[in-house]
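The file input_24.cif comes next; it holds mmCIF, C-alpha atoms and all ligand atoms.
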data_run
loop_
_atom_site.label_atom_id
_atom_site.label_comp_id
_atom_site.auth_asym_id
_atom_site.auth_seq_id
_atom_site.Cartn_x
_atom_site.Cartn_y
_atom_site.Cartn_z
CA MET A 1 0.00 0.00 0.00
CA ASP A 2 0.96 3.62 -0.32
CA PHE A 3 2.30 4.21 3.18
CA ASN A 4 2.49 7.85 4.13
CA LEU A 5 5.69 8.23 6.12
CA ASN A 6 4.65 11.60 7.53
CA GLU A 7 1.50 10.09 9.03
CA PHE A 8 3.60 7.30 10.48
CA LEU A 9 6.11 9.78 11.87
CA GLY A 10 3.20 11.73 13.37
CA ALA A 11 2.04 8.56 15.15
CA VAL A 12 5.57 7.94 16.41
CA ALA A 13 5.83 11.56 17.61
CA ASN A 14 2.54 11.19 19.52
CA THR A 15 3.85 8.00 21.05
CA LEU A 16 7.05 9.70 22.14
CA ASP A 17 5.02 12.51 23.68
CA ILE A 18 3.09 10.06 25.81
CA ILE A 19 6.30 8.31 26.88
CA GLU A 20 7.65 11.69 27.97
CA ILE A 21 4.48 12.47 29.89
CA ASP A 22 4.89 9.18 31.71
CA ILE A 23 8.59 9.59 32.51
CA PHE A 24 8.80 13.34 33.05
CA GLY A 25 5.24 14.32 33.89
CA MET A 26 5.00 16.52 30.78
CA ALA A 27 5.74 16.56 27.06
CA THR A 28 9.07 18.33 26.93
CA ASN A 29 9.09 18.64 23.10
CA HIS A 30 12.84 17.99 23.31
CA SER A 31 12.82 15.61 20.32
CA LYS A 32 10.61 17.88 18.24
CA ARG A 33 12.88 20.88 18.81
CA LEU A 34 15.83 18.71 17.84
CA ALA A 35 14.06 17.68 14.66
CA TYR A 36 13.27 21.29 13.78
CA ILE A 37 16.81 22.57 14.40
CA SER A 38 18.33 19.62 12.54
CA VAL A 39 16.08 20.05 9.52
CA LYS A 40 16.74 23.79 9.34
CA MET A 41 20.48 23.11 9.38
CA ALA A 42 20.13 20.34 6.79
CA HIS A 43 18.31 22.71 4.43
CA GLU A 44 21.16 25.19 4.85
CA ILE A 45 23.79 22.50 4.17
CA ARG A 46 21.71 21.52 1.11
CA MET A 47 21.05 17.93 1.99
CA ASN A 48 18.58 16.38 -0.43
CA SER A 49 14.98 16.01 0.66
CA GLU A 50 15.18 12.25 1.26
CA GLU A 51 18.11 12.83 3.59
CA ILE A 52 16.22 15.63 5.28
CA PHE A 53 13.22 13.38 5.87
CA ASP A 54 15.44 10.70 7.40
CA LEU A 55 17.23 13.25 9.54
CA ALA A 56 13.87 14.49 10.86
CA SER A 57 12.83 10.92 11.71
CA LEU A 58 16.17 10.20 13.37
CA ALA A 59 16.09 13.42 15.39
CA MET A 60 12.55 12.71 16.50
CA LEU A 61 13.58 9.19 17.53
CA HIS A 62 17.08 9.93 18.80
CA ASP A 63 16.23 9.08 22.42
CA ASN A 64 13.93 6.13 21.67
CA GLY A 65 16.28 3.88 23.66
CA ALA A 66 15.48 5.87 26.79
CA SER A 67 11.98 4.36 27.09
CA MET A 68 13.53 1.10 28.32
CA LYS A 69 12.41 0.54 31.85
CA ILE A 70 15.90 -0.23 33.13
CA LEU A 71 17.03 3.23 32.09
CA HIS A 72 14.31 5.28 33.70
CA ASP A 73 13.85 3.30 36.87
CA ASN A 74 14.23 5.35 40.04
CA LEU A 75 14.67 8.65 38.24
CA MET A 76 14.33 11.58 40.62
CA GLY A 77 14.12 15.33 40.31
CA THR A 78 12.59 17.79 37.89
CA ALA A 79 11.87 16.92 34.25
CA LYS A 80 15.11 18.66 33.26
CA GLU A 81 17.15 16.74 35.84
CA LYS A 82 15.61 13.44 34.73
CA ILE A 83 16.45 14.16 31.08
CA ASP A 84 20.04 14.98 32.06
CA ILE A 85 20.39 11.64 33.87
CA LEU A 86 18.90 9.65 30.97
CA GLU A 87 21.09 11.44 28.45
CA SER A 88 24.19 10.62 30.48
CA ARG A 89 23.56 6.87 30.12
CA LYS A 90 25.42 5.57 27.10
CA GLU A 91 23.11 2.54 26.82
CA HIS A 92 20.30 4.66 25.38
CA CYS A 93 22.47 5.22 22.26
CA ILE A 94 23.16 1.52 21.74
CA ILE A 95 19.59 0.36 22.43
CA GLY A 96 18.20 3.21 20.32
CA GLU A 97 20.31 2.30 17.27
CA ASP A 98 19.29 -1.34 17.55
CA ASN A 99 15.57 -0.53 17.95
CA LEU A 100 15.55 1.29 14.61
CA LYS A 101 17.14 -1.44 12.51
CA ASN A 102 13.88 -1.95 10.59
CA PHE A 103 12.63 1.62 10.41
CA PRO A 104 11.50 2.64 6.87
CA PHE A 105 14.28 5.13 6.18
CA LEU A 106 14.67 6.43 2.65
CA THR A 107 18.46 6.66 2.50
CA ASN A 108 19.60 3.79 4.75
CA PRO A 109 21.36 5.99 7.34
CA GLN A 110 23.66 4.01 9.65
CA ASN A 111 25.21 4.67 13.06
CA ILE A 112 23.40 7.94 13.61
CA ILE A 113 21.62 7.16 16.88
CA ILE A 114 24.56 5.30 18.38
CA TYR A 115 26.80 8.32 17.77
CA HIS A 116 24.36 11.07 18.74
CA HIS A 117 26.42 11.99 21.82
CA GLU A 118 29.80 12.19 20.09
CA LYS A 119 31.82 15.40 20.19
CA TYR A 120 33.89 16.75 17.30
CA ASP A 121 37.09 16.55 19.39
CA GLY A 122 36.53 12.90 20.35
CA SER A 123 35.37 13.54 23.93
CA GLY A 124 31.98 11.80 23.50
CA PHE A 125 30.79 8.38 24.72
CA PHE A 126 32.60 6.38 22.04
CA GLY A 127 35.61 8.63 21.52
CA ILE A 128 35.32 8.99 17.74
CA SER A 129 36.07 12.40 16.27
CA LYS A 130 35.76 14.75 13.27
CA ASP A 131 34.72 13.04 10.01
CA GLU A 132 34.46 9.67 11.72
CA ILE A 133 31.14 10.97 13.10
CA PRO A 134 28.44 10.75 10.40
CA LEU A 135 27.18 14.23 9.46
CA MET A 136 23.60 13.46 10.54
CA ALA A 137 24.91 12.32 13.93
CA GLN A 138 26.90 15.55 14.22
CA ILE A 139 23.79 17.62 13.52
CA ILE A 140 21.66 15.71 16.04
CA ALA A 141 24.44 15.79 18.65
CA PHE A 142 24.74 19.54 18.15
CA SER A 143 20.99 20.17 18.50
CA ASP A 144 20.86 17.85 21.51
CA THR A 145 23.73 19.64 23.23
CA ILE A 146 22.26 23.11 22.89
CA ASP A 147 18.74 21.98 23.77
CA LEU A 148 20.02 20.34 26.95
CA ALA A 149 22.23 23.29 27.88
CA PHE A 150 19.69 26.07 27.29
CA ASP A 151 15.97 26.68 27.26
CA LEU A 152 15.60 27.28 23.55
CA ARG A 153 11.93 28.20 23.91
CA LYS A 154 13.07 31.54 25.32
CA THR A 155 14.05 33.84 22.49
CA PHE A 156 16.11 35.98 24.87
CA ASN A 157 18.60 33.12 25.17
CA LYS A 158 19.61 33.65 21.54
CA GLU A 159 22.78 35.63 22.36
CA ILE A 160 24.16 33.23 24.97
CA VAL A 161 23.40 30.20 22.79
CA THR A 162 25.24 31.58 19.78
CA LYS A 163 28.13 32.65 22.04
CA PHE A 164 28.31 29.09 23.42
CA VAL A 165 28.25 27.64 19.90
CA ARG A 166 31.07 29.93 18.76
CA GLU A 167 33.14 29.10 21.83
CA HIS A 168 32.81 25.37 21.19
CA LYS A 169 33.65 25.49 17.50
CA ASN A 170 36.36 22.85 16.92
CA THR A 171 35.85 21.27 20.36
CA PHE A 172 32.23 20.09 20.66
CA PHE A 173 31.17 21.06 17.14
CA SER A 174 32.71 21.11 13.67
CA PRO A 175 33.35 24.53 12.09
CA LEU A 176 30.67 23.78 9.49
CA ILE A 177 28.02 22.98 12.10
CA SER A 178 28.85 26.04 14.22
CA ASP A 179 28.81 28.39 11.23
CA VAL A 180 25.57 27.00 9.82
CA PHE A 181 23.83 27.34 13.15
CA CYS A 182 25.06 30.91 13.69
CA LYS A 183 23.68 31.77 10.28
CA ILE A 184 20.19 30.36 10.83
CA SER A 185 20.03 31.70 14.36
CA GLU A 186 19.96 35.21 12.90
CA GLN A 187 16.44 34.56 11.62
CA HIS A 188 13.84 35.68 14.14
CA GLU A 189 11.34 33.04 12.89
CA PHE A 190 13.81 30.31 13.84
CA TRP A 191 13.52 31.11 17.56
CA ASP A 192 9.85 31.80 17.35
CA ALA A 193 9.23 28.35 15.82
CA LEU A 194 10.71 26.56 18.86
CA SER A 195 8.03 27.58 21.37
CA ASP A 196 5.78 24.81 22.74
CA GLY A 197 2.72 26.30 21.08
CA LYS A 198 4.30 26.44 17.64
CA ILE A 199 6.69 23.51 17.40
CA ASP A 200 4.19 21.04 15.86
CA ASP A 201 3.21 23.41 13.05
CA SER A 202 6.82 24.54 12.55
CA LEU A 203 7.89 20.95 12.02
CA LYS A 204 5.13 20.20 9.54
CA MET A 205 6.25 23.16 7.48
CA VAL A 206 9.88 22.12 7.13
CA ILE A 207 9.67 18.32 6.79
CA PRO A 208 9.25 17.19 3.18
CA ASN A 209 6.28 14.95 2.35
CA TYR A 210 6.99 11.32 1.63
CA SER A 211 5.05 8.22 0.86
CA LYS A 212 6.63 4.87 0.24
CA GLU A 213 5.13 1.86 -1.48
CA LEU A 214 5.29 -0.75 1.25
CA ASN A 215 3.47 -4.05 1.47
CA TYR A 216 1.97 -5.22 4.78
CA ASN A 217 4.89 -7.55 5.28
CA GLU A 218 7.30 -4.61 5.24
CA ILE A 219 5.01 -2.60 7.51
CA HIS A 220 4.92 -5.53 9.91
CA THR A 221 8.73 -5.50 10.04
CA ILE A 222 8.51 -1.86 11.15
CA THR A 223 5.79 -2.41 13.73
CA LYS A 224 7.83 -5.22 15.27
CA THR A 225 10.30 -2.46 16.20
CA LEU A 226 7.57 -0.57 18.00
CA SER A 227 6.36 -3.70 19.76
CA LYS A 228 9.89 -4.19 21.12
CA ILE A 229 9.77 -0.68 22.58
CA ILE A 230 6.31 -1.36 24.04
CA ASP A 231 7.29 -4.72 25.56
CA SER A 232 10.47 -3.36 27.11
CA LYS A 233 8.44 -0.87 29.15
CA SER A 234 7.82 -3.35 31.96
CA GLN A 235 9.73 -6.39 33.16
CA TYR A 236 6.42 -8.27 33.25
CA THR A 237 5.53 -7.67 29.61
CA GLN A 238 8.93 -8.34 28.02
CA SER A 239 7.36 -10.79 25.59
CA HIS A 240 3.67 -9.90 25.72
CA SER A 241 3.15 -8.30 22.29
CA SER A 242 5.60 -10.66 20.59
CA GLY A 243 3.98 -13.66 22.32
CA LEU A 244 0.55 -12.50 21.22
CA SER A 245 1.79 -12.14 17.64
CA MET A 246 3.21 -15.66 17.71
CA LYS A 247 -0.07 -17.12 18.94
CA LEU A 248 -1.98 -15.12 16.37
CA LYS A 249 0.16 -16.52 13.60
CA LYS A 250 -0.61 -20.06 14.75
CA ILE A 251 -4.33 -19.56 14.98
CA ALA A 252 -4.39 -17.74 11.61
CA GLU A 253 -2.82 -20.86 10.07
CA PHE A 254 -5.48 -22.96 11.78
CA TYR A 255 -8.22 -20.74 10.29
CA LYS A 256 -6.42 -20.65 6.90
CA MET A 257 -6.78 -16.88 6.97
CA ASP A 258 -6.04 -14.63 4.04
CA PRO A 259 -2.33 -13.62 4.25
CA ILE A 260 -3.09 -9.86 4.16
CA ILE A 261 -5.64 -10.15 6.98
CA THR A 262 -3.11 -12.21 8.94
CA LEU A 263 -0.47 -9.51 8.52
CA LYS A 264 -2.91 -6.80 9.57
CA LEU A 265 -3.77 -8.83 12.66
CA LEU A 266 -0.08 -9.27 13.44
CA ILE A 267 0.42 -5.51 13.14
CA ALA A 268 -2.58 -4.93 15.41
CA SER A 269 -1.09 -7.36 17.97
CA ASP A 270 2.26 -5.58 17.83
CA LEU A 271 0.59 -2.27 18.55
CA HIS A 272 -2.40 -3.15 20.76
CA ASP A 273 -0.72 -2.00 23.99
CA LEU A 274 0.93 1.09 22.50
CA GLY A 275 -1.16 3.17 24.90
CA LYS A 276 0.51 1.46 27.86
CA LEU A 277 3.57 3.57 27.16
CA ALA A 278 1.54 6.40 28.68
CA ILE A 279 0.78 4.52 31.89
CA SER A 280 3.17 4.72 34.80
CA ASN A 281 5.14 1.62 35.76
CA ASN A 282 4.09 2.31 39.35
CA LEU A 283 0.64 1.17 38.25
CA LEU A 284 1.59 -1.47 35.68
CA ASP A 285 4.06 -3.24 37.95
CA ASN A 286 2.07 -2.78 41.14
CA PRO A 287 2.02 -6.06 43.10
CA GLY A 288 -0.93 -4.99 45.30
CA LYS A 289 -4.57 -4.45 44.54
CA LEU A 290 -5.18 -1.28 42.55
CA SER A 291 -7.61 1.35 43.75
CA LYS A 292 -10.61 2.15 41.57
CA GLU A 293 -8.92 5.38 40.43
CA GLN A 294 -5.69 3.59 39.54
CA TYR A 295 -7.60 1.00 37.53
CA GLU A 296 -9.41 3.79 35.67
CA VAL A 297 -6.00 5.15 34.60
CA ILE A 298 -4.91 1.74 33.25
CA LYS A 299 -8.21 1.45 31.38
CA LYS A 300 -7.29 4.47 29.29
CA HIS A 301 -4.58 2.64 27.36
CA PRO A 302 -6.64 1.21 24.44
CA ARG A 303 -8.01 4.68 23.74
CA ILE A 304 -4.47 6.06 23.62
CA THR A 305 -3.56 3.27 21.20
CA ARG A 306 -6.41 4.46 18.98
CA LEU A 307 -5.33 8.11 19.21
CA CYS A 308 -1.81 7.25 18.10
CA LEU A 309 -2.84 5.07 15.13
CA GLN A 310 -6.04 6.55 13.80
CA ASN A 311 -4.49 9.06 11.42
CA ILE A 312 -2.52 6.51 9.41
CA LYS A 313 -4.36 5.82 6.16
CA GLY A 314 -4.61 2.07 5.53
CA PHE A 315 -4.60 1.36 9.27
CA GLU A 316 -8.37 1.59 9.76
CA GLU A 317 -8.95 -2.10 10.54
CA ILE A 318 -5.65 -2.40 12.39
CA THR A 319 -6.62 0.55 14.61
CA ARG A 320 -10.04 -0.97 15.30
CA TRP A 321 -8.75 -4.44 16.19
CA ALA A 322 -5.89 -3.06 18.27
CA SER A 323 -7.99 -0.65 20.29
CA ASN A 324 -10.88 -3.09 20.86
CA HIS A 325 -8.72 -5.61 22.70
CA HIS A 326 -10.37 -5.04 26.09
CA GLU A 327 -13.96 -4.93 24.86
CA LYS A 328 -16.30 -7.76 25.91
CA LEU A 329 -19.39 -9.16 24.17
CA ASP A 330 -21.71 -8.21 27.05
CA GLY A 331 -20.60 -4.57 27.11
CA SER A 332 -18.58 -4.95 30.32
CA GLY A 333 -15.27 -4.18 28.61
CA TYR A 334 -13.42 -0.90 28.09
CA PRO A 335 -12.85 1.80 26.94
CA GLU A 336 -16.04 2.06 24.84
CA ALA A 337 -18.14 -0.72 26.49
CA LEU A 338 -18.99 -2.01 23.00
CA LYS A 339 -21.51 -4.85 22.63
CA ALA A 340 -21.36 -8.15 20.67
CA GLU A 341 -22.92 -6.71 17.52
CA GLU A 342 -20.24 -4.00 17.39
CA LEU A 343 -17.34 -6.41 17.73
CA ASP A 344 -16.21 -8.15 14.55
CA PHE A 345 -14.55 -11.56 14.49
CA ASN A 346 -10.99 -10.23 14.46
CA SER A 347 -11.59 -7.86 17.39
CA ARG A 348 -13.00 -10.81 19.36
CA LEU A 349 -10.07 -12.98 18.34
CA ILE A 350 -7.47 -10.49 19.59
CA THR A 351 -9.40 -10.03 22.86
CA CYS A 352 -9.49 -13.79 23.57
CA LEU A 353 -5.87 -14.35 22.59
CA ASP A 354 -4.68 -11.32 24.58
CA ILE A 355 -6.29 -12.70 27.72
CA TYR A 356 -4.92 -16.19 27.04
CA GLN A 357 -1.42 -14.80 26.40
CA ALA A 358 -1.52 -12.64 29.56
CA LEU A 359 -2.62 -15.59 31.70
CA ARG A 360 0.31 -17.64 30.41
CA GLU A 361 2.70 -14.89 31.57
CA GLU A 362 3.85 -14.04 35.06
CA ARG A 363 2.41 -10.91 36.65
CA PRO A 364 3.56 -8.98 39.74
CA TYR A 365 0.59 -10.39 41.69
CA ARG A 366 0.58 -14.03 40.38
CA LYS A 367 2.60 -16.80 38.74
CA SER A 368 2.16 -17.77 35.08
CA MET A 369 -0.60 -20.32 34.40
CA ASP A 370 -0.48 -23.52 32.38
CA HIS A 371 -2.82 -24.10 29.43
CA GLN A 372 -5.45 -25.91 31.49
CA LYS A 373 -5.71 -23.22 34.16
CA ALA A 374 -5.81 -20.43 31.57
CA MET A 375 -8.59 -22.27 29.70
CA GLU A 376 -10.66 -22.55 32.87
CA ILE A 377 -10.64 -18.78 33.18
CA LEU A 378 -11.46 -18.25 29.51
CA VAL A 379 -14.34 -20.73 29.68
CA GLY A 380 -15.64 -18.95 32.79
CA MET A 381 -15.68 -15.72 30.79
CA VAL A 382 -17.55 -17.44 27.95
CA ASP A 383 -20.14 -18.64 30.49
CA ALA A 384 -20.47 -15.09 31.76
CA GLY A 385 -21.26 -13.94 28.20
CA GLN A 386 -18.02 -11.98 27.79
CA LEU A 387 -16.04 -13.96 25.21
CA ASP A 388 -16.81 -15.73 21.93
CA GLN A 389 -17.36 -19.43 22.65
CA LYS A 390 -16.20 -20.71 19.25
CA ILE A 391 -12.93 -18.76 19.43
CA VAL A 392 -12.21 -19.98 22.96
CA ASP A 393 -12.86 -23.58 21.84
CA ASP A 394 -10.43 -23.06 18.96
CA ILE A 395 -7.78 -21.63 21.29
CA ASN A 396 -8.12 -24.80 23.34
CA LEU A 397 -7.62 -26.95 20.25
CA VAL A 398 -4.67 -25.00 18.84
CA PHE A 399 -2.70 -24.42 22.04
CA ILE A 400 -3.43 -27.56 24.04
CA ASN A 401 0.20 -28.67 23.74
CA CYS A 402 1.70 -25.20 23.90
CA THR A 403 4.33 -24.91 26.62
CA ASN A 404 4.51 -21.13 26.89
FE FE B 1 20.46 11.18 23.89
FE FE B 2 18.25 13.92 23.61
FE FE B 3 -4.07 -4.07 26.95
#

Mind converting the file's structure to structure tokens?
Amino acid sequence: MDFNLNEFLGAVANTLDIIEIDIFGMATNHSKRLAYISVKMAHEIRMNSEEIFDLASLAMLHDNGASMKILHDNLMGTAKEKIDILESRKEHCIIGEDNLKNFPFLTNPQNIIIYHHEKYDGSGFFGISKDEIPLMAQIIAFSDTIDLAFDLRKTFNKEIVTKFVREHKNTFFSPLISDVFCKISEQHEFWDALSDGKIDDSLKMVIPNYSKELNYNEIHTITKTLSKIIDSKSQYTQSHSSGLSMKLKKIAEFYKMDPIITLKLLIASDLHDLGKLAISNNLLDNPGKLSKEQYEVIKKHPRITRLCLQNIKGFEEITRWASNHHEKLDGSGYPEALKAEELDFNSRLITCLDIYQALREERPYRKSMDHQKAMEILVGMVDAGQLDQKIVDDINLVFINCTN
């Protein structure tokens, strides 16, 4: 299908915003400012528009490795202090590079995320210097450095920022990067564009428009990347989305499903818990009983999944199946309390398999269950009118000898 990369990038940007809200308590727009500064510099350097699109994606995603739970556990302080701590952990560069292996870049950029904290003089995490640092990595590292050192949303900081950039020419930054920045920083609109209220529109104006002909198989390769980021959020869900996808594949073979529908279902499984990125680990990993209010917060996640995916053309069914995964036939599910007649076969299938998969995994408040025990619970839910009987019977048939 004709896959609009800008729509996809928009979904990724929304996702990153919600991760930030979870970790820092607010959307800092750090990655969006980086993308804007990087793209402005790339235009000035006369990169071609495919390179500029990739640079925008990379800048937006430069800290994607920081969503790993291990990296933001026990973070303390203000949003700014938390960002500083995360940025000082070299692992986020390595994990971030690896996470993006299958991203649909246009120019096959390599080693940009891993080297986004390098300094021109070799004093960065990996000690490489000058031309050894890919140009895109230099641009992102530059934008990252100034955005972490100064509040770029305040136009009055313009003088001290440019002074800092000039002073670090040849040490932190290459002469080219310093000069290009000093040139664009003379434009008043440049500073104006960085404010929280304007950054979204500013970005849309400078990022070129791209679509790419991708089949659902290729899109699935990309969404697997996102499912890795989702699963790594909590130690208890390390293999939840990937496990669900594996089970879906098996049952799709059993049903002899159309290959395109199967792929769409796999993509929906990869992304069904995207909204959980917005929910605090204090709630997700809570070993005790949750209060009613806490449970209400968790129940928001399928709606957030929908918000992130709904603007991608070609994802209509995927969005529906992914965001219906907690709906029940009797209307007792969430977030929309849909009823049987509003839930198509594939929505019901993902719901049943998601519950089965979750029961087979360990949770903070219980051990993992074997097939028999999990089936007892599923059958109980069928009896209560919540789940589709035929699908639950089929799950029993297909997974009776499944050991995980
Ligand atoms: Fe970083
Ligand atoms: Fe950063
Ligand atoms: Fe869920």

Selected residue of minimal separation from ligand FE 2 (chain B) among A:Ser143, A:Asn111, A:Leu5, A:Asp121, counting only C-alpha atoms and all ligand atoms: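 Residue with the minimum atom-to-atom distance to ligand FE 2 (chain B): A:Ser143.
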
Test item: residues no farther than 7 Å from ligand FE 3 (chain B), counting all atoms listed in the file, as a list in words: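 Protein and nucleic-acid residues within 7 Å of ligand FE 3 (chain B): His272, Asp273, His301, Pro302, His325 and His326 of chain A.
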
Find the nearest atom pair between each residue of chain A and ligand FE 2 (chain B) for residues within 7 Å, count all atoms listed in the file, give distances in Å to one decimal, sort rows by chain and ascending number, and present the table as JSON lines.
{"residue": "A:His30", "atom": "CA", "partner": "B:FE2", "partner_atom": "FE", "distance": 6.8}
{"residue": "A:Ser31", "atom": "CA", "partner": "B:FE2", "partner_atom": "FE", "distance": 6.6}
{"residue": "A:His62", "atom": "CA", "partner": "B:FE2", "partner_atom": "FE", "distance": 6.4}
{"residue": "A:Asp63", "atom": "CA", "partner": "B:FE2", "partner_atom": "FE", "distance": 5.4}
{"residue": "A:Glu87", "atom": "CA", "partner": "B:FE2", "partner_atom": "FE", "distance": 6.1}
{"residue": "A:Asp144", "atom": "CA", "partner": "B:FE2", "partner_atom": "FE", "distance": 5.2}

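Contact shell of range 255-268 of chain A at 6 Å (only C-alpha atoms; same-chain neighbours under 5 positions omitted): His220, Ser245, Ile318 and Ala322 of chain A.
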
Distance filter 9 Å around ligand FE 1 (chain B), atoms: only C-alpha atoms and all ligand atoms, out as a PyMOL selection string: chain A and resi 62-66+83+86-90+92-93+113+116-117+141+144

Contacts of Phe254 in chain A at 10 Å (only C-alpha atoms; same-chain gap of 2+ positions) as number ranges by chain: A: 248-252, 256-257, 394-395, 397-398

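Restricting the calculation to all atoms listed in the file, the smallest distance between Asn29 in chain A and any of A:Gly197, A:Gly275, A:Gly124, A:Gly333 is found for A:Gly197.
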
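In this comparison, which uses all atoms listed in the file, the residue of A:Ser185, A:Thr162, A:Ser368, A:Asn102 approaching Ser227 in chain A most closely is A:Asn102.
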
Pro104 in chain A surroundings by all atoms listed in the file, 12 Å radius, close-in-sequence under 5 positions cut, as a ChimeraX atom specification: /A:3-6,8-9,50,53-54,57-58,109,210-215,218-223,225

Computed interatomic separation between CA of Thr107 in chain A and CA of Glu51 in chain A (Å):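 Value for the CA of Thr107 in chain A-CA of Glu51 in chain A distance: 6.3 Å.
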
Given all atoms listed in the file as the counted atoms, nearest of A:Leu359, A:Gly385, A:Gly77, A:Gly127 to Lys373 in chain A: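 Between A:Leu359, A:Gly385, A:Gly77, A:Gly127, the residue approaching Lys373 in chain A most closely is A:Leu359.
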
Long-range neighbours of Ala149 in chain A as a list of chain:residue names, 12 Å cut-off, all atoms listed in the file, 2 positions minimum in chain: A:His30, A:Lys80, A:Glu81, A:Ile83, A:Asp84, A:Glu87, A:Phe142, A:Ser143, A:Asp144, A:Thr145, A:Ile146, A:Asp147, A:Asp151, A:Leu152, A:Asn157, A:Ile160, A:Val161, A:Thr162, A:Phe164, A:Val165
